[in-house]
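Chemist: coords-v3.cif is the file, holding mmCIF, C-alpha atoms:
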data_input
loop_
_atom_site.label_atom_id
_atom_site.label_comp_id
_atom_site.auth_asym_id
_atom_site.auth_seq_id
_atom_site.Cartn_x
_atom_site.Cartn_y
_atom_site.Cartn_z
CA GLY K 1 109.83 169.81 53.49
CA GLU K 2 107.41 167.86 51.36
CA ASP K 3 104.17 166.79 52.99
CA VAL K 4 101.08 164.82 52.05
CA GLU K 5 97.93 165.21 54.15
CA GLN K 6 94.74 163.21 54.31
CA SER K 7 91.78 163.05 56.63
CA LEU K 8 92.01 160.06 58.95
CA PHE K 9 88.53 158.54 58.65
CA LEU K 10 85.65 158.29 56.22
CA SER K 11 82.41 156.39 56.72
CA VAL K 12 79.98 155.79 53.84
CA ARG K 13 76.88 153.73 53.28
CA GLU K 14 77.19 150.65 51.08
CA GLY K 15 76.29 151.54 47.51
CA ASP K 16 77.10 155.24 47.90
CA SER K 17 80.17 156.93 46.42
CA SER K 18 83.25 157.49 48.58
CA VAL K 19 85.48 160.49 48.03
CA ILE K 20 88.88 160.49 49.68
CA ASN K 21 90.84 163.73 49.57
CA CYS K 22 94.53 164.49 49.72
CA THR K 23 96.66 167.62 49.61
CA TYR K 24 100.37 167.77 48.89
CA THR K 25 102.98 170.49 49.01
CA ASP K 26 105.64 169.60 46.46
CA SER K 27 104.98 171.47 43.23
CA SER K 28 107.60 169.39 41.41
CA SER K 29 105.59 166.20 41.90
CA THR K 30 105.36 164.23 38.70
CA TYR K 31 103.16 161.37 39.81
CA LEU K 32 100.34 161.08 42.31
CA TYR K 33 99.36 157.63 43.53
CA TRP K 34 96.58 155.92 45.43
CA TYR K 35 97.35 152.76 47.35
CA LYS K 36 95.01 150.49 49.32
CA GLN K 37 96.06 148.58 52.44
CA GLU K 38 93.97 145.86 54.03
CA PRO K 39 94.70 144.62 57.56
CA GLY K 40 98.01 142.80 57.85
CA ALA K 41 98.85 143.28 54.19
CA GLY K 42 101.19 145.42 52.15
CA LEU K 43 100.12 148.29 49.95
CA GLN K 44 98.26 147.53 46.75
CA LEU K 45 98.57 150.06 43.94
CA LEU K 46 95.09 151.16 42.89
CA THR K 47 95.82 153.84 40.34
CA TYR K 48 98.12 156.73 39.58
CA ILE K 49 98.01 159.91 37.58
CA PHE K 50 100.64 162.02 35.90
CA SER K 51 100.78 165.64 37.00
CA ASN K 52 99.88 166.85 33.49
CA MET K 53 96.50 165.11 33.70
CA ASP K 54 93.32 166.39 35.36
CA MET K 55 91.39 163.18 35.60
CA LYS K 56 91.77 159.46 35.23
CA GLN K 57 89.00 156.90 35.34
CA ASP K 58 89.43 153.18 35.86
CA GLN K 59 86.22 151.20 36.35
CA ARG K 60 84.76 152.29 39.71
CA LEU K 61 87.70 154.58 40.46
CA THR K 62 87.98 158.21 39.40
CA VAL K 63 91.02 160.31 40.25
CA LEU K 64 90.80 164.08 40.05
CA LEU K 65 93.87 166.30 40.22
CA ASN K 66 93.82 170.04 40.82
CA LYS K 67 97.45 170.94 40.34
CA LYS K 68 96.92 174.61 41.12
CA ASP K 69 95.54 173.79 44.57
CA LYS K 70 97.75 170.68 44.95
CA HIS K 71 94.62 168.65 45.68
CA LEU K 72 94.04 165.04 44.70
CA SER K 73 90.89 163.01 45.21
CA LEU K 74 89.85 159.40 44.76
CA ARG K 75 86.22 158.63 44.12
CA ILE K 76 85.00 155.07 44.52
CA ALA K 77 81.60 154.54 42.92
CA ASP K 78 79.09 152.04 44.35
CA THR K 79 81.19 151.41 47.46
CA GLN K 80 81.18 147.79 48.62
CA THR K 81 82.16 146.13 51.89
CA GLY K 82 85.32 144.86 50.20
CA ASP K 83 86.42 148.46 49.79
CA SER K 84 86.95 148.74 53.56
CA ALA K 85 90.64 149.48 53.97
CA ILE K 86 93.13 152.27 54.51
CA TYR K 87 93.79 154.39 51.44
CA PHE K 88 97.13 156.13 51.04
CA CYS K 89 97.86 159.06 48.81
CA ALA K 90 101.47 159.41 47.68
CA GLU K 91 103.43 161.79 45.50
CA GLY K 92 106.63 161.23 43.61
CA SER K 93 109.04 162.93 41.30
CA TYR K 94 110.56 161.47 38.15
CA SER K 95 113.75 163.35 38.87
CA SER K 96 114.24 161.53 42.17
CA ALA K 97 113.33 157.87 42.30
CA SER K 98 113.42 157.77 46.07
CA LYS K 99 111.36 160.87 46.67
CA ILE K 100 108.00 159.20 47.13
CA ILE K 101 106.12 160.62 50.09
CA PHE K 102 103.06 158.97 51.60
CA GLY K 103 100.21 160.46 53.55
CA SER K 104 99.07 158.94 56.85
CA GLY K 105 96.16 157.17 55.20
CA THR K 106 92.37 157.46 55.30
CA ARG K 107 90.48 154.61 56.92
CA LEU K 108 87.33 153.91 54.91
CA SER K 109 84.55 152.08 56.69
CA ILE K 110 81.32 150.94 55.09
CA ARG K 111 77.93 151.07 56.84
CA PRO K 112 75.18 148.67 55.75
CA ASP C 113 105.09 137.83 37.73
CA THR C 114 104.80 136.61 41.29
CA GLY C 115 104.97 140.03 42.88
CA VAL C 116 107.28 141.24 45.63
CA SER C 117 107.96 138.56 48.22
CA GLN C 118 109.10 139.21 51.80
CA ASN C 119 110.24 136.79 54.47
CA PRO C 120 109.49 136.20 57.22
CA ARG C 121 105.95 137.58 57.55
CA HIS C 122 106.33 137.97 61.29
CA LYS C 123 109.32 138.14 63.58
CA ILE C 124 109.29 138.37 67.35
CA THR C 125 112.63 139.00 68.98
CA LYS C 126 114.04 140.09 72.30
CA ARG C 127 115.63 143.47 72.71
CA GLY C 128 119.30 143.38 71.86
CA GLN C 129 119.06 140.57 69.33
CA ASN C 130 119.88 140.94 65.63
CA VAL C 131 117.28 140.27 62.94
CA THR C 132 117.48 139.95 59.17
CA PHE C 133 114.66 140.28 56.66
CA ARG C 134 114.67 139.29 53.03
CA CYS C 135 112.96 140.81 50.00
CA ASP C 136 112.65 139.31 46.54
CA PRO C 137 111.51 141.99 44.10
CA ILE C 138 109.61 141.56 40.84
CA SER C 139 112.22 139.96 38.61
CA GLU C 140 112.44 142.63 35.92
CA HIS C 141 112.54 145.52 38.41
CA ASN C 142 115.93 147.13 38.92
CA ARG C 143 114.90 149.46 41.76
CA LEU C 144 114.30 148.21 45.28
CA TYR C 145 113.10 150.16 48.30
CA TRP C 146 112.74 149.57 51.99
CA TYR C 147 110.08 151.40 53.96
CA ARG C 148 109.00 151.27 57.58
CA GLN C 149 105.40 151.64 58.68
CA THR C 150 104.19 152.14 62.22
CA LEU C 151 100.60 151.94 63.39
CA GLY C 152 98.42 154.73 62.04
CA GLN C 153 101.10 156.09 59.75
CA GLY C 154 101.99 155.86 56.12
CA PRO C 155 105.19 154.17 54.99
CA GLU C 156 108.41 156.07 55.69
CA PHE C 157 111.32 155.76 53.30
CA LEU C 158 114.42 153.99 54.64
CA THR C 159 116.67 153.24 51.69
CA TYR C 160 116.76 152.64 47.95
CA PHE C 161 118.83 150.53 45.55
CA GLN C 162 119.29 150.86 41.84
CA ASN C 163 120.58 147.43 40.81
CA GLU C 164 123.21 146.59 43.44
CA ALA C 165 124.05 150.17 44.33
CA GLN C 166 122.53 151.70 47.45
CA LEU C 167 121.84 155.22 46.24
CA GLU C 168 120.07 156.83 49.14
CA LYS C 169 119.55 156.30 52.85
CA SER C 170 117.12 158.12 55.08
CA ARG C 171 118.17 159.73 58.34
CA LEU C 172 115.76 157.20 59.91
CA LEU C 173 118.29 154.50 59.06
CA SER C 174 120.55 154.51 62.11
CA ASP C 175 123.91 152.76 62.09
CA ARG C 176 122.23 149.68 63.59
CA PHE C 177 120.46 149.19 60.27
CA SER C 178 122.18 147.85 57.17
CA ALA C 179 120.74 146.87 53.84
CA GLU C 180 122.37 144.98 51.01
CA ARG C 181 121.52 143.93 47.52
CA PRO C 182 124.65 142.05 46.48
CA LYS C 183 123.67 140.80 43.04
CA GLY C 184 121.05 143.36 42.18
CA SER C 185 118.25 140.90 42.79
CA PHE C 186 117.08 140.09 46.34
CA SER C 187 117.84 142.37 49.25
CA THR C 188 118.34 141.92 52.97
CA LEU C 189 117.71 144.38 55.78
CA GLU C 190 119.51 143.69 59.04
CA ILE C 191 118.83 145.39 62.35
CA GLN C 192 121.48 144.93 65.00
CA ARG C 193 120.88 145.26 68.75
CA THR C 194 117.16 145.69 68.28
CA GLU C 195 115.25 148.15 70.43
CA GLN C 196 111.55 148.26 71.26
CA GLY C 197 111.22 151.33 69.06
CA ASP C 198 112.19 149.19 66.07
CA SER C 199 108.84 147.39 66.30
CA ALA C 200 107.06 148.14 63.03
CA MET C 201 106.08 146.71 59.67
CA TYR C 202 109.03 146.68 57.27
CA LEU C 203 107.88 146.97 53.69
CA CYS C 204 109.86 146.27 50.57
CA ALA C 205 108.89 147.66 47.18
CA SER C 206 110.29 147.48 43.68
CA SER C 207 109.95 149.39 40.45
CA SER C 208 111.60 149.80 37.09
CA ASP C 209 113.28 152.76 35.45
CA ARG C 210 113.34 151.19 32.02
CA PRO C 211 111.88 153.35 29.21
CA SER C 212 108.87 151.13 28.68
CA SER C 213 107.93 151.49 32.32
CA TYR C 214 108.70 155.21 32.61
CA ASN C 215 109.36 155.31 36.32
CA SER C 216 106.76 152.68 37.12
CA PRO C 217 104.94 152.94 40.43
CA LEU C 218 106.15 151.07 43.46
CA HIS C 219 104.88 147.54 43.91
CA PHE C 220 104.90 146.50 47.54
CA GLY C 221 105.33 143.18 49.27
CA ASN C 222 103.16 142.15 52.22
CA GLY C 223 105.80 143.25 54.69
CA THR C 224 107.58 141.76 57.68
CA ARG C 225 106.04 142.65 61.02
CA LEU C 226 108.73 142.98 63.68
CA THR C 227 107.90 142.89 67.37
CA VAL C 228 110.71 143.59 69.81
CA THR C 229 109.93 142.52 73.37
#
As a first step, turn the structure in this file into structure tokens.
Modeler:
Amino acid sequence: GEDVEQSLFLSVREGDSSVINCTYTDSSSTYLYWYKQEPGAGLQLLTYIFSNMDMKQDQRLTVLLNKKDKHLSLRIADTQTGDSAIYFCAEGSYSSASKIIFGSGTRLSIRP
Amino acid sequence: DTGVSQNPRHKITKRGQNVTFRCDPISEHNRLYWYRQTLGQGPEFLTYFQNEAQLEKSRLLSDRFSAERPKGSFSTLEIQRTEQGDSAMYLCASSSDRPSSYNSPLHFGNGTRLTVT
């Protein structure tokens, strides 16, 4: 079945760039999403990219999509302490509204 | 736009009791989803409504679980005869399928954390 995989942890120094990686298996995916979850809170949509795009930039966030390798990454420039959270990759299909699959999340921690 | 609202934020109940959660989606969203999230995991799909119609249910949704969206606006999720394994965060999300939104992403509420003792 469909699967989304992410590494569990990432630690970066404050001010450096963070790169969170994700791989997915469903070649019919139409949308790829990045969500952020802070402790005790729901998921906040950060950004998303259509499968016919290679890159999307939004302020400090850059999303790269390699559709051939089914690899998605989220780069956070100038990482700040407020970026500490769990980041979830998710993939969805326009043809099936309910078929949105989430990864297990990457916990990003920031070192001073 | 006040976002997706869920109540209560926390619920502690004894095993065997029934619980009901409520979700108020973003007002112009016609799609509503329930997800369950356990510690260290991503959200897992439970069920999905388009307007008032429940279009899909996951195999995770046992017969003790029932969800409704009677008027196509708010939704309730009821768990009967709760078990300790039901302890989790229950997340509601909404989206729109209208042309201007083109399958808009899911917008999540802050969840209801259920603890079954």
Chemist: Counting all atoms listed in the file, a student should be able to say which residues of chain C come within 6 Å of chain K; what is the right answer, written as an MDAnalysis selection string?
Modeler: chainID C and resid 153:154 220:223
Chemist: Rank C:Cys135, C:Ala200, C:Leu151, C:Leu158 by their smallest atom-to-atom distance to Val116 (chain C), using only C-alpha atoms, and report the top residue only.
Modeler: C:Cys135
Chemist: Once the PyMOL selection byres ((chain K and resi 76) around 7) is applied to the coordinates I shared, what remains selected? I want it as JSON, numbers by chain.
Modeler: {"K": [17, 18, 19, 60, 61, 62, 74, 75, 77, 78, 79]}
Chemist: Using only C-alpha atoms, which of C:Asn142, C:Ser117, C:Thr125, C:Asn130 sits nearest Ser199 (chain C)?
Modeler: C:Thr125
Chemist: Find, counting all atoms listed in the file, the residue in K:Leu46, K:Asp83, K:Ile110, K:Ser51 that gets nearest to Thr30 (chain K).
Modeler: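 Among K:Leu46, K:Asp83, K:Ile110, K:Ser51, it is K:Ser51 that comes nearest to Thr30 (chain K).
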Chemist: Quick one: everything within 7 Å of Thr132 (chain C), counting all atoms listed in the file, minus sequence neighbours fewer than 6 positions away in the same chain. Send it as a list in words.
Modeler: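 Counting all atoms listed in the file, the residues come to Thr188, Leu189, Glu190 and Ile191 of chain C.
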Chemist: Could you write those residues out with C-alpha atoms, as a PDB file, keeping the file's coordinate frame?
Modeler:
ATOM      1  CA  THR C 188     118.340 141.920  52.970  1.00  0.00           C
ATOM      2  CA  LEU C 189     117.710 144.380  55.780  1.00  0.00           C
ATOM      3  CA  GLU C 190     119.510 143.690  59.040  1.00  0.00           C
ATOM      4  CA  ILE C 191     118.830 145.390  62.350  1.00  0.00           C
TER       5      ILE C 191
END
Chemist: Report as a ChimeraX atom specification the residues that result from applying the PyMOL selection byres ((chain K and resi 21) around 6) to the structure here.
Modeler: /K:20,22,72-73
Chemist: Tell me which residues the PyMOL selection byres ((chain C and resi 228) around 7) grabs here, as a CSV table (one decimal) with C-alpha atoms, in the frame of the given file.
Modeler:
chain,number,residue,atom,x,y,z
C,124,ILE,CA,109.3,138.4,67.4
C,125,THR,CA,112.6,139.0,69.0
C,126,LYS,CA,114.0,140.1,72.3
C,127,ARG,CA,115.6,143.5,72.7
C,194,THR,CA,117.2,145.7,68.3
C,195,GLU,CA,115.2,148.2,70.4
C,196,GLN,CA,111.6,148.3,71.3
C,198,ASP,CA,112.2,149.2,66.1
C,199,SER,CA,108.8,147.4,66.3
C,226,LEU,CA,108.7,143.0,63.7
C,227,THR,CA,107.9,142.9,67.4
C,229,THR,CA,109.9,142.5,73.4
Chemist: What lies within 10 Å of Asn66 (chain K) using only C-alpha atoms, ignoring chain neighbours under 2 positions off, as a ChimeraX atom specification?
Modeler: /K:23,51,53-55,64,68-73
Chemist: Please list as a PyMOL selection string every residue within 12 Å of Arg171 (chain C), counting all atoms listed in the file and excluding residues in the same chain fewer than 4 positions away.
Modeler: chain C and resi 156-159+175+177
Chemist: Can you tell me how far CA of Glu168 (chain C) sits from CA of Ser208 (chain C), in Å to one decimal?
Modeler: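 Answer for the CA of Glu168 (chain C) to CA of Ser208 (chain C) separation: 16.3 Å.
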Chemist: Just to confirm, what's the straight-line distance from CA of Leu203 (chain C) to CA of Lys56 (chain K) in Å (one decimal)?
Modeler: 27.5 Å
